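**Student:** structure_10.pdb is reproduced below (PDB, C-alpha atoms).
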ATOM      1  CA  MET A 156     132.449 112.929  42.332  1.00  0.00           C
ATOM      2  CA  ALA A 157     135.340 112.884  39.912  1.00  0.00           C
ATOM      3  CA  ARG A 158     138.261 115.136  40.572  1.00  0.00           C
ATOM      4  CA  ARG A 159     139.641 116.062  37.181  1.00  0.00           C
ATOM      5  CA  ALA A 160     143.320 116.277  36.363  1.00  0.00           C
ATOM      6  CA  ALA A 161     144.321 119.823  35.582  1.00  0.00           C
ATOM      7  CA  GLY A 162     146.566 119.009  32.664  1.00  0.00           C
ATOM      8  CA  GLY A 163     148.003 116.274  30.491  1.00  0.00           C
ATOM      9  CA  THR A 164     149.949 113.234  31.502  1.00  0.00           C
ATOM     10  CA  GLY A 165     153.287 115.000  31.389  1.00  0.00           C
ATOM     11  CA  VAL A 166     154.842 112.388  29.106  1.00  0.00           C
ATOM     12  CA  SER A 167     157.614 113.148  26.680  1.00  0.00           C
ATOM     13  CA  GLY A 168     155.027 113.853  23.992  1.00  0.00           C
ATOM     14  CA  ALA A 169     154.602 117.368  25.350  1.00  0.00           C
ATOM     15  CA  GLY A 170     158.123 118.167  24.251  1.00  0.00           C
ATOM     16  CA  ALA A 171     157.291 117.005  20.752  1.00  0.00           C
ATOM     17  CA  GLY A 172     154.328 119.351  20.494  1.00  0.00           C
ATOM     18  CA  VAL A 173     151.727 116.715  21.380  1.00  0.00           C
ATOM     19  CA  LYS A 174     149.201 117.668  24.023  1.00  0.00           C
ATOM     20  CA  GLY A 175     148.726 114.893  26.567  1.00  0.00           C
ATOM     21  CA  ALA A 176     145.297 113.579  27.467  1.00  0.00           C
ATOM     22  CA  ARG A 177     143.693 114.645  30.730  1.00  0.00           C
ATOM     23  CA  ARG A 178     142.858 111.527  32.690  1.00  0.00           C
ATOM     24  CA  PRO A 179     139.857 111.085  34.926  1.00  0.00           C
ATOM     25  CA  GLU A 180     140.496 110.906  38.650  1.00  0.00           C
ATOM     26  CA  VAL A 181     137.357 109.295  39.996  1.00  0.00           C
ATOM     27  CA  ARG A 182     136.720 109.438  43.746  1.00  0.00           C
ATOM     28  CA  LEU A 183     133.468 107.623  44.424  1.00  0.00           C
ATOM     29  CA  PRO A 184     131.340 108.501  47.447  1.00  0.00           C
ATOM     30  CA  PRO A 185     130.024 105.729  49.754  1.00  0.00           C
ATOM     31  CA  LEU A 186     127.818 103.594  47.542  1.00  0.00           C
ATOM     32  CA  GLU A 187     124.525 101.838  48.145  1.00  0.00           C
ATOM     33  CA  PRO A 188     124.165  98.328  46.705  1.00  0.00           C
ATOM     34  CA  HIS A 189     121.817  98.080  43.766  1.00  0.00           C
ATOM     35  CA  GLY A 190     118.671  96.428  45.006  1.00  0.00           C
ATOM     36  CA  GLY A 191     118.344  94.066  42.078  1.00  0.00           C
ATOM     37  CA  GLY A 192     115.691  94.122  39.441  1.00  0.00           C
ATOM     38  CA  GLU A 193     116.199  94.782  35.772  1.00  0.00           C
ATOM     39  CA  LEU A 194     117.482  97.976  34.274  1.00  0.00           C
ATOM     40  CA  GLU A 195     114.816 100.396  33.132  1.00  0.00           C
ATOM     41  CA  PRO A 196     114.850 102.560  29.998  1.00  0.00           C
ATOM     42  CA  ASP A 197     115.563 106.169  30.993  1.00  0.00           C
ATOM     43  CA  GLY A 198     116.321 104.992  34.531  1.00  0.00           C
ATOM     44  CA  ASP A 199     118.282 107.167  36.951  1.00  0.00           C
ATOM     45  CA  TYR A 200     121.044 105.408  38.922  1.00  0.00           C
ATOM     46  CA  ASP A 201     122.983 107.583  41.359  1.00  0.00           C
ATOM     47  CA  GLY A 202     125.581 106.436  43.890  1.00  0.00           C
ATOM     48  CA  LEU A 203     124.936 102.724  43.376  1.00  0.00           C
ATOM     49  CA  GLU A 204     127.161  99.672  43.278  1.00  0.00           C
ATOM     50  CA  PHE A 205     126.333  96.919  40.805  1.00  0.00           C
ATOM     51  CA  ARG A 206     128.379  93.856  41.792  1.00  0.00           C
ATOM     52  CA  ASP A 207     128.265  90.463  40.055  1.00  0.00           C
ATOM     53  CA  ALA A 208     125.032  91.561  38.384  1.00  0.00           C
ATOM     54  CA  ASP A 209     123.741  89.675  35.366  1.00  0.00           C
ATOM     55  CA  LEU A 210     122.466  92.486  33.148  1.00  0.00           C
ATOM     56  CA  ALA A 211     122.537  90.414  29.959  1.00  0.00           C
ATOM     57  CA  GLY A 212     119.749  91.173  27.526  1.00  0.00           C
ATOM     58  CA  GLN A 213     118.293  93.974  29.641  1.00  0.00           C
ATOM     59  CA  ASP A 214     117.154  97.347  28.302  1.00  0.00           C
ATOM     60  CA  GLY A 215     118.597 100.437  29.973  1.00  0.00           C
ATOM     61  CA  ALA A 216     118.472 102.712  26.934  1.00  0.00           C
ATOM     62  CA  GLY A 217     118.630 106.385  27.821  1.00  0.00           C
ATOM     63  CA  ALA A 218     119.512 105.696  31.459  1.00  0.00           C
ATOM     64  CA  ARG A 219     121.886 107.804  33.545  1.00  0.00           C
ATOM     65  CA  PHE A 220     124.585 106.315  35.780  1.00  0.00           C
ATOM     66  CA  MET A 221     126.302 108.853  38.034  1.00  0.00           C
ATOM     67  CA  ASP A 222     128.837 108.109  40.785  1.00  0.00           C
ATOM     68  CA  CYS A 223     128.337 104.387  40.197  1.00  0.00           C
ATOM     69  CA  ALA A 224     130.530 101.290  40.286  1.00  0.00           C
ATOM     70  CA  LEU A 225     129.882  98.287  38.064  1.00  0.00           C
ATOM     71  CA  THR A 226     132.037  95.339  39.101  1.00  0.00           C
ATOM     72  CA  SER A 227     132.125  91.880  37.479  1.00  0.00           C
ATOM     73  CA  CYS A 228     128.861  92.496  35.665  1.00  0.00           C
ATOM     74  CA  ALA A 229     127.638  90.604  32.577  1.00  0.00           C
ATOM     75  CA  LEU A 230     126.566  92.837  29.696  1.00  0.00           C
ATOM     76  CA  ASP A 231     125.859  90.383  26.891  1.00  0.00           C
ATOM     77  CA  GLU A 232     123.447  92.000  24.403  1.00  0.00           C
ATOM     78  CA  THR A 233     122.569  94.656  26.981  1.00  0.00           C
ATOM     79  CA  ARG A 234     120.790  97.604  25.339  1.00  0.00           C
ATOM     80  CA  LEU A 235     122.310 100.855  26.575  1.00  0.00           C
ATOM     81  CA  ARG A 236     121.782 103.210  23.647  1.00  0.00           C
ATOM     82  CA  HIS A 237     121.942 106.916  24.518  1.00  0.00           C
ATOM     83  CA  VAL A 238     123.026 106.036  28.064  1.00  0.00           C
ATOM     84  CA  ARG A 239     124.995 108.585  30.107  1.00  0.00           C
ATOM     85  CA  VAL A 240     127.788 107.317  32.358  1.00  0.00           C
ATOM     86  CA  LEU A 241     129.302 110.028  34.547  1.00  0.00           C
ATOM     87  CA  ASP A 242     131.981 109.946  37.262  1.00  0.00           C
ATOM     88  CA  SER A 243     131.892 106.146  37.429  1.00  0.00           C
ATOM     89  CA  VAL A 244     134.182 103.098  37.497  1.00  0.00           C
ATOM     90  CA  LEU A 245     133.516  99.927  35.506  1.00  0.00           C
ATOM     91  CA  THR A 246     135.709  96.988  36.555  1.00  0.00           C
ATOM     92  CA  ASP A 247     135.895  93.513  35.028  1.00  0.00           C
ATOM     93  CA  ILE A 248     132.789  93.998  32.924  1.00  0.00           C
ATOM     94  CA  ARG A 249     132.242  91.327  30.302  1.00  0.00           C
ATOM     95  CA  GLY A 250     129.906  90.762  27.430  1.00  0.00           C
ATOM     96  CA  VAL A 251     129.341  90.301  23.727  1.00  0.00           C
ATOM     97  CA  GLY A 252     127.222  92.616  21.609  1.00  0.00           C
ATOM     98  CA  THR A 253     126.743  95.325  24.239  1.00  0.00           C
ATOM     99  CA  ASP A 254     124.908  98.239  22.580  1.00  0.00           C
ATOM    100  CA  LEU A 255     126.250 101.601  23.742  1.00  0.00           C
ATOM    101  CA  ALA A 256     125.562 103.453  20.509  1.00  0.00           C
ATOM    102  CA  GLU A 257     125.420 107.245  20.909  1.00  0.00           C
ATOM    103  CA  ALA A 258     126.236 106.950  24.609  1.00  0.00           C
ATOM    104  CA  ALA A 259     128.005 109.700  26.559  1.00  0.00           C
ATOM    105  CA  LEU A 260     130.875 108.737  28.883  1.00  0.00           C
ATOM    106  CA  ARG A 261     132.541 111.462  30.928  1.00  0.00           C
ATOM    107  CA  ASP A 262     135.081 111.014  33.721  1.00  0.00           C
ATOM    108  CA  VAL A 263     134.907 107.232  33.519  1.00  0.00           C
ATOM    109  CA  GLU A 264     137.444 104.485  34.270  1.00  0.00           C
ATOM    110  CA  ILE A 265     136.994 101.123  32.541  1.00  0.00           C
ATOM    111  CA  LEU A 266     139.323  98.536  34.072  1.00  0.00           C
ATOM    112  CA  ASP A 267     140.060  95.019  32.785  1.00  0.00           C
ATOM    113  CA  PRO A 268     137.069  94.727  30.448  1.00  0.00           C
ATOM    114  CA  ARG A 269     136.411  91.573  28.425  1.00  0.00           C
ATOM    115  CA  LEU A 270     134.146  92.678  25.612  1.00  0.00           C
ATOM    116  CA  GLY A 271     133.407  91.664  22.061  1.00  0.00           C
ATOM    117  CA  GLY A 272     131.473  93.486  19.363  1.00  0.00           C
ATOM    118  CA  VAL A 273     130.642  96.403  21.648  1.00  0.00           C
ATOM    119  CA  GLN A 274     128.784  99.158  19.804  1.00  0.00           C
ATOM    120  CA  LEU A 275     129.948 102.688  20.618  1.00  0.00           C
ATOM    121  CA  HIS A 276     129.306 104.249  17.228  1.00  0.00           C
ATOM    122  CA  GLY A 277     128.282 107.878  17.470  1.00  0.00           C
ATOM    123  CA  ALA A 278     129.251 107.953  21.162  1.00  0.00           C
ATOM    124  CA  VAL A 279     130.994 110.806  22.974  1.00  0.00           C
ATOM    125  CA  LEU A 280     133.904 109.888  25.269  1.00  0.00           C
ATOM    126  CA  GLU A 281     135.526 112.620  27.359  1.00  0.00           C
ATOM    127  CA  ARG A 282     138.154 112.011  30.030  1.00  0.00           C
ATOM    128  CA  VAL A 283     137.933 108.231  29.799  1.00  0.00           C
ATOM    129  CA  LEU A 284     140.589 105.689  30.804  1.00  0.00           C
ATOM    130  CA  ILE A 285     140.438 102.130  29.462  1.00  0.00           C
ATOM    131  CA  ARG A 286     143.091 100.080  31.250  1.00  0.00           C
ATOM    132  CA  GLY A 287     143.871  96.392  30.806  1.00  0.00           C
ATOM    133  CA  GLY A 288     141.637  93.699  29.401  1.00  0.00           C
ATOM    134  CA  LYS A 289     140.686  92.954  25.827  1.00  0.00           C
ATOM    135  CA  ILE A 290     138.061  94.343  23.475  1.00  0.00           C
ATOM    136  CA  ASP A 291     137.380  92.621  20.164  1.00  0.00           C
ATOM    137  CA  TYR A 292     135.738  94.476  17.268  1.00  0.00           C
ATOM    138  CA  LEU A 293     135.209  97.752  19.098  1.00  0.00           C
ATOM    139  CA  ASN A 294     132.915  99.930  16.976  1.00  0.00           C
ATOM    140  CA  LEU A 295     133.692 103.624  17.452  1.00  0.00           C
ATOM    141  CA  ARG A 296     132.588 104.782  14.018  1.00  0.00           C
ATOM    142  CA  THR A 297     131.723 108.516  13.931  1.00  0.00           C
ATOM    143  CA  ALA A 298     132.373 108.731  17.689  1.00  0.00           C
ATOM    144  CA  ARG A 299     134.045 111.697  19.357  1.00  0.00           C
ATOM    145  CA  LEU A 300     136.951 110.950  21.675  1.00  0.00           C
ATOM    146  CA  ARG A 301     138.560 113.704  23.700  1.00  0.00           C
ATOM    147  CA  ASP A 302     141.092 113.098  26.476  1.00  0.00           C
ATOM    148  CA  VAL A 303     140.904 109.317  26.171  1.00  0.00           C
ATOM    149  CA  VAL A 304     143.680 106.911  27.218  1.00  0.00           C
ATOM    150  CA  PHE A 305     143.938 103.264  26.182  1.00  0.00           C
ATOM    151  CA  GLU A 306     146.488 101.700  28.516  1.00  0.00           C
ATOM    152  CA  GLY A 307     147.762  98.130  28.664  1.00  0.00           C
ATOM    153  CA  CYS A 308     144.771  96.763  26.777  1.00  0.00           C
ATOM    154  CA  VAL A 309     144.354  94.666  23.638  1.00  0.00           C
ATOM    155  CA  LEU A 310     142.157  96.061  20.860  1.00  0.00           C
ATOM    156  CA  VAL A 311     141.425  93.622  18.035  1.00  0.00           C
ATOM    157  CA  GLU A 312     140.144  95.259  14.840  1.00  0.00           C
ATOM    158  CA  PRO A 313     138.971  98.497  16.463  1.00  0.00           C
ATOM    159  CA  ASP A 314     136.962 100.654  14.060  1.00  0.00           C
ATOM    160  CA  PHE A 315     137.572 104.409  14.313  1.00  0.00           C
ATOM    161  CA  GLY A 316     136.034 105.081  10.892  1.00  0.00           C
ATOM    162  CA  GLY A 317     134.832 108.675  10.609  1.00  0.00           C
ATOM    163  CA  ALA A 318     135.600 109.317  14.289  1.00  0.00           C
ATOM    164  CA  ARG A 319     137.189 112.447  15.716  1.00  0.00           C
ATOM    165  CA  LEU A 320     140.066 111.835  18.111  1.00  0.00           C
ATOM    166  CA  GLU A 321     141.591 114.675  20.120  1.00  0.00           C
ATOM    167  CA  ARG A 322     144.236 114.166  22.795  1.00  0.00           C
ATOM    168  CA  VAL A 323     144.054 110.373  22.667  1.00  0.00           C
ATOM    169  CA  GLU A 324     146.911 108.180  23.896  1.00  0.00           C
ATOM    170  CA  PHE A 325     147.718 104.505  23.348  1.00  0.00           C
ATOM    171  CA  VAL A 326     150.060 103.365  26.123  1.00  0.00           C
ATOM    172  CA  ASP A 327     151.478  99.797  26.178  1.00  0.00           C
ATOM    173  CA  CYS A 328     148.430  98.940  24.123  1.00  0.00           C
ATOM    174  CA  VAL A 329     148.081  96.348  21.358  1.00  0.00           C
ATOM    175  CA  LEU A 330     146.235  97.585  18.263  1.00  0.00           C
ATOM    176  CA  ARG A 331     145.564  94.866  15.720  1.00  0.00           C
ATOM    177  CA  GLU A 332     144.156  95.756  12.298  1.00  0.00           C
ATOM    178  CA  ALA A 333     142.885  99.180  13.347  1.00  0.00           C
ATOM    179  CA  ASP A 334     140.635 101.085  10.936  1.00  0.00           C
ATOM    180  CA  PHE A 335     141.103 104.872  10.790  1.00  0.00           C
ATOM    181  CA  ASN A 336     139.259 105.370   7.513  1.00  0.00           C
ATOM    182  CA  ALA A 337     137.869 108.938   7.259  1.00  0.00           C
ATOM    183  CA  ALA A 338     138.899 109.651  10.859  1.00  0.00           C
ATOM    184  CA  THR A 339     140.199 113.043  12.032  1.00  0.00           C
ATOM    185  CA  LEU A 340     143.126 112.981  14.469  1.00  0.00           C
ATOM    186  CA  THR A 341     144.470 115.799  16.636  1.00  0.00           C
ATOM    187  CA  ASP A 342     147.252 115.238  19.190  1.00  0.00           C
ATOM    188  CA  VAL A 343     146.941 111.458  19.002  1.00  0.00           C
ATOM    189  CA  ASP A 344     149.982 109.734  20.522  1.00  0.00           C
ATOM    190  CA  LEU A 345     150.682 106.263  19.134  1.00  0.00           C
ATOM    191  CA  ARG A 346     154.384 106.114  20.034  1.00  0.00           C
ATOM    192  CA  ARG A 347     154.019 103.908  23.085  1.00  0.00           C
ATOM    193  CA  ALA A 348     151.661 101.381  21.540  1.00  0.00           C
ATOM    194  CA  ALA A 349     153.159  97.934  22.076  1.00  0.00           C
ATOM    195  CA  THR A 350     151.819  96.771  18.704  1.00  0.00           C
ATOM    196  CA  LEU A 351     150.520  99.033  15.941  1.00  0.00           C
ATOM    197  CA  GLU A 352     148.780  97.431  12.967  1.00  0.00           C
ATOM    198  CA  ILE A 353     146.689  99.596  10.653  1.00  0.00           C
ATOM    199  CA  ALA A 354     144.375  97.878   8.214  1.00  0.00           C
ATOM    200  CA  ARG A 355     142.774 100.995   6.692  1.00  0.00           C
ATOM    201  CA  GLY A 356     143.085 104.742   6.923  1.00  0.00           C
ATOM    202  CA  VAL A 357     146.840 105.117   7.136  1.00  0.00           C
ATOM    203  CA  ASP A 358     146.360 108.255   5.036  1.00  0.00           C
ATOM    204  CA  ARG A 359     144.343 109.749   7.918  1.00  0.00           C
ATOM    205  CA  LEU A 360     147.222 109.754  10.417  1.00  0.00           C
ATOM    206  CA  ALA A 361     147.906 113.472  10.021  1.00  0.00           C
ATOM    207  CA  GLY A 362     147.630 114.833  13.535  1.00  0.00           C
ATOM    208  CA  ALA A 363     149.124 111.712  15.108  1.00  0.00           C
ATOM    209  CA  VAL A 364     152.676 111.061  16.261  1.00  0.00           C
ATOM    210  CA  ILE A 365     154.463 107.721  15.847  1.00  0.00           C
ATOM    211  CA  SER A 366     157.939 106.520  16.700  1.00  0.00           C
ATOM    212  CA  THR A 367     160.792 105.961  14.271  1.00  0.00           C
ATOM    213  CA  ALA A 368     160.506 102.193  14.741  1.00  0.00           C
ATOM    214  CA  GLN A 369     156.777 102.334  13.996  1.00  0.00           C
ATOM    215  CA  LEU A 370     157.479 104.325  10.854  1.00  0.00           C
ATOM    216  CA  VAL A 371     159.784 101.572   9.629  1.00  0.00           C
ATOM    217  CA  ASP A 372     157.214  98.892  10.457  1.00  0.00           C
ATOM    218  CA  LEU A 373     154.454 100.802   8.691  1.00  0.00           C
ATOM    219  CA  ALA A 374     156.533 101.623   5.608  1.00  0.00           C
ATOM    220  CA  PRO A 375     154.866  98.903   3.470  1.00  0.00           C
ATOM    221  CA  VAL A 376     151.426 100.202   4.479  1.00  0.00           C
ATOM    222  CA  PHE A 377     152.369 103.782   3.618  1.00  0.00           C
ATOM    223  CA  ALA A 378     153.830 102.629   0.294  1.00  0.00           C
ATOM    224  CA  GLY A 379     150.659 100.728  -0.540  1.00  0.00           C
ATOM    225  CA  ALA A 380     148.488 103.747   0.290  1.00  0.00           C
ATOM    226  CA  LEU A 381     150.596 105.900  -2.032  1.00  0.00           C
ATOM    227  CA  GLY A 382     150.520 103.315  -4.817  1.00  0.00           C
ATOM    228  CA  ILE A 383     154.264 102.712  -4.587  1.00  0.00           C
ATOM    229  CA  ARG A 384     155.531  99.306  -5.678  1.00  0.00           C
ATOM    230  CA  VAL A 385     158.592  98.167  -3.775  1.00  0.00           C
ATOM    231  CA  GLU A 386     160.841  95.604  -5.435  1.00  0.00           C
ATOM    232  CA  GLU A 387     164.305  94.237  -4.777  1.00  0.00           C
TER     233      GLU A 387
END
Once you've parsed the file, please lay out its structure as structure tokens.
**Tutor:**
Amino acid sequence: MARRAAGGTGVSGAGAGVKGARRPEVRLPPLEPHGGGELEPDGDYDGLEFRDADLAGQDGAGARFMDCALTSCALDETRLRHVRVLDSVLTDIRGVGTDLAEAALRDVEILDPRLGGVQLHGAVLERVLIRGGKIDYLNLRTARLRDVVFEGCVLVEPDFGGARLERVEFVDCVLREADFNAATLTDVDLRRAATLEIARGVDRLAGAVISTAQLVDLAPVFAGALGIRVEE
């Protein structure tokens, strides 16, 4: 079972009035290997290890994964709508078009993922760590993120449109062309993002904290949002 951190990360953000995210601390019990076979809709998977499994194109909608490890699994076009992932670790998962719409992830570590076009719109993420790897076109529209850390990963055109982010940190993370349109941010720490590019929704950054250098870099975006023309 996961042992949850009692407080935030203790970074300097606390001194600036930003509440740090609580990270998951997953301690998995001894696991049984998954016996093979395809995922089942509304299936119940408890204390299992999925290793090098090809789950591409399978349908596990509504399933529950608890105290599980998924390692080096293929998730191309895997249907996992409404799935619940609890107290689990996902390592080196890869896939394009994985459907996790309206999923619930709680106390989950996602390490070194290689994903593209993953659908997490309407999902609920609580105490989730995404570390390393690269995710292209991550769809988190209208999702709810609470105590979520993106660390050392590359996010290309992530879509947070209409999402609610509370105590979310971006640490050594590359954000390219992020969309925050209609999003609501509370205690979102962007200061340690390695790259911060915002394509839309710069006017929704109330509730976030950025560094002085990021403010300078984003000045043209802020000016454009305010209708200010800058000329020499």
**Student:** Just checking: using all atoms listed in the file, which residue out of A:Arg219, A:Arg384, A:Arg355, A:Arg282 ends up closest to Leu235 in chain A?
**Tutor:** A:Arg219
**Student:** Skipping near chain neighbours, those fewer than 3 positions away, what residues fall within 8 Å of range 225-230 of chain A using all atoms listed in the file, listed as a list of chain:residue names?
**Tutor:**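 Near neighbours after the sequence-gap exclusion: A:Glu204, A:Phe205, A:Arg206, A:Asp207, A:Ala208, A:Asp209, A:Leu210, A:Ala211, A:Gly212, A:Thr233, A:Val244, A:Leu245, A:Thr246, A:Asp247, A:Ile248, A:Arg249, A:Gly250, A:Val251, A:Thr253.
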**Student:** Starting from the displayed file, determine the output of the PyMOL selection byres ((chain A and resi 179) around 6) and express the residue list as a compact mmCIF listing (two decimals) with C-alpha atoms, keeping the file's coordinate frame.
**Tutor:**
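Result saved to selection-v5.txt:
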# COMPACT_ATOMS: atom_id res chain seq x y z
CA ARG A 159 139.64 116.06 37.18
CA ARG A 178 142.86 111.53 32.69
CA GLU A 180 140.50 110.91 38.65
CA VAL A 181 137.36 109.30 40.00
CA ASP A 262 135.08 111.01 33.72
CA ARG A 282 138.15 112.01 30.03
**Student:** What do you get, as a list of chain:residue names, if you spell out every residue that the PyMOL selection byres ((chain A and resi 198) around 9) selects here?
**Tutor:**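 Going through the file, the PyMOL selection byres ((chain A and resi 198) around 9) ends up selecting A:Leu194, A:Glu195, A:Pro196, A:Asp197, A:Asp199, A:Tyr200, A:Gly215, A:Ala216, A:Gly217, A:Ala218, A:Arg219, A:Phe220.
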**Student:** Using C-alpha atoms, can you export the residues from the last selection as a PDB file, in the frame of the given file?
**Tutor:**
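Result written to result_32.pdb:
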ATOM      1  CA  LEU A 194     117.482  97.976  34.274  1.00  0.00           C
ATOM      2  CA  GLU A 195     114.816 100.396  33.132  1.00  0.00           C
ATOM      3  CA  PRO A 196     114.850 102.560  29.998  1.00  0.00           C
ATOM      4  CA  ASP A 197     115.563 106.169  30.993  1.00  0.00           C
ATOM      5  CA  ASP A 199     118.282 107.167  36.951  1.00  0.00           C
ATOM      6  CA  TYR A 200     121.044 105.408  38.922  1.00  0.00           C
ATOM      7  CA  GLY A 215     118.597 100.437  29.973  1.00  0.00           C
ATOM      8  CA  ALA A 216     118.472 102.712  26.934  1.00  0.00           C
ATOM      9  CA  GLY A 217     118.630 106.385  27.821  1.00  0.00           C
ATOM     10  CA  ALA A 218     119.512 105.696  31.459  1.00  0.00           C
ATOM     11  CA  ARG A 219     121.886 107.804  33.545  1.00  0.00           C
ATOM     12  CA  PHE A 220     124.585 106.315  35.780  1.00  0.00           C
TER      13      PHE A 220
END
**Student:** Show which residues sit within 8 Å of Ala363 in chain A, as number ranges by chain. Count all atoms listed in the file, and ignore same-chain residues fewer than 5 positions away.
**Tutor:** A: 340-345
**Student:** Please evaluate the PyMOL selection byres ((chain A and resi 241) around 7) against the displayed coordinates and give the resulting residues as a PyMOL selection string.
**Tutor:** chain A and resi 220-222+239-240+242-243+260-263
**Student:** Please compute the CA of Glu332 in chain A-CA of Asp372 in chain A distance, one decimal, in Å.
**Tutor:**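 CA of Asp372 in chain A lies 13.6 Å from CA of Glu332 in chain A.
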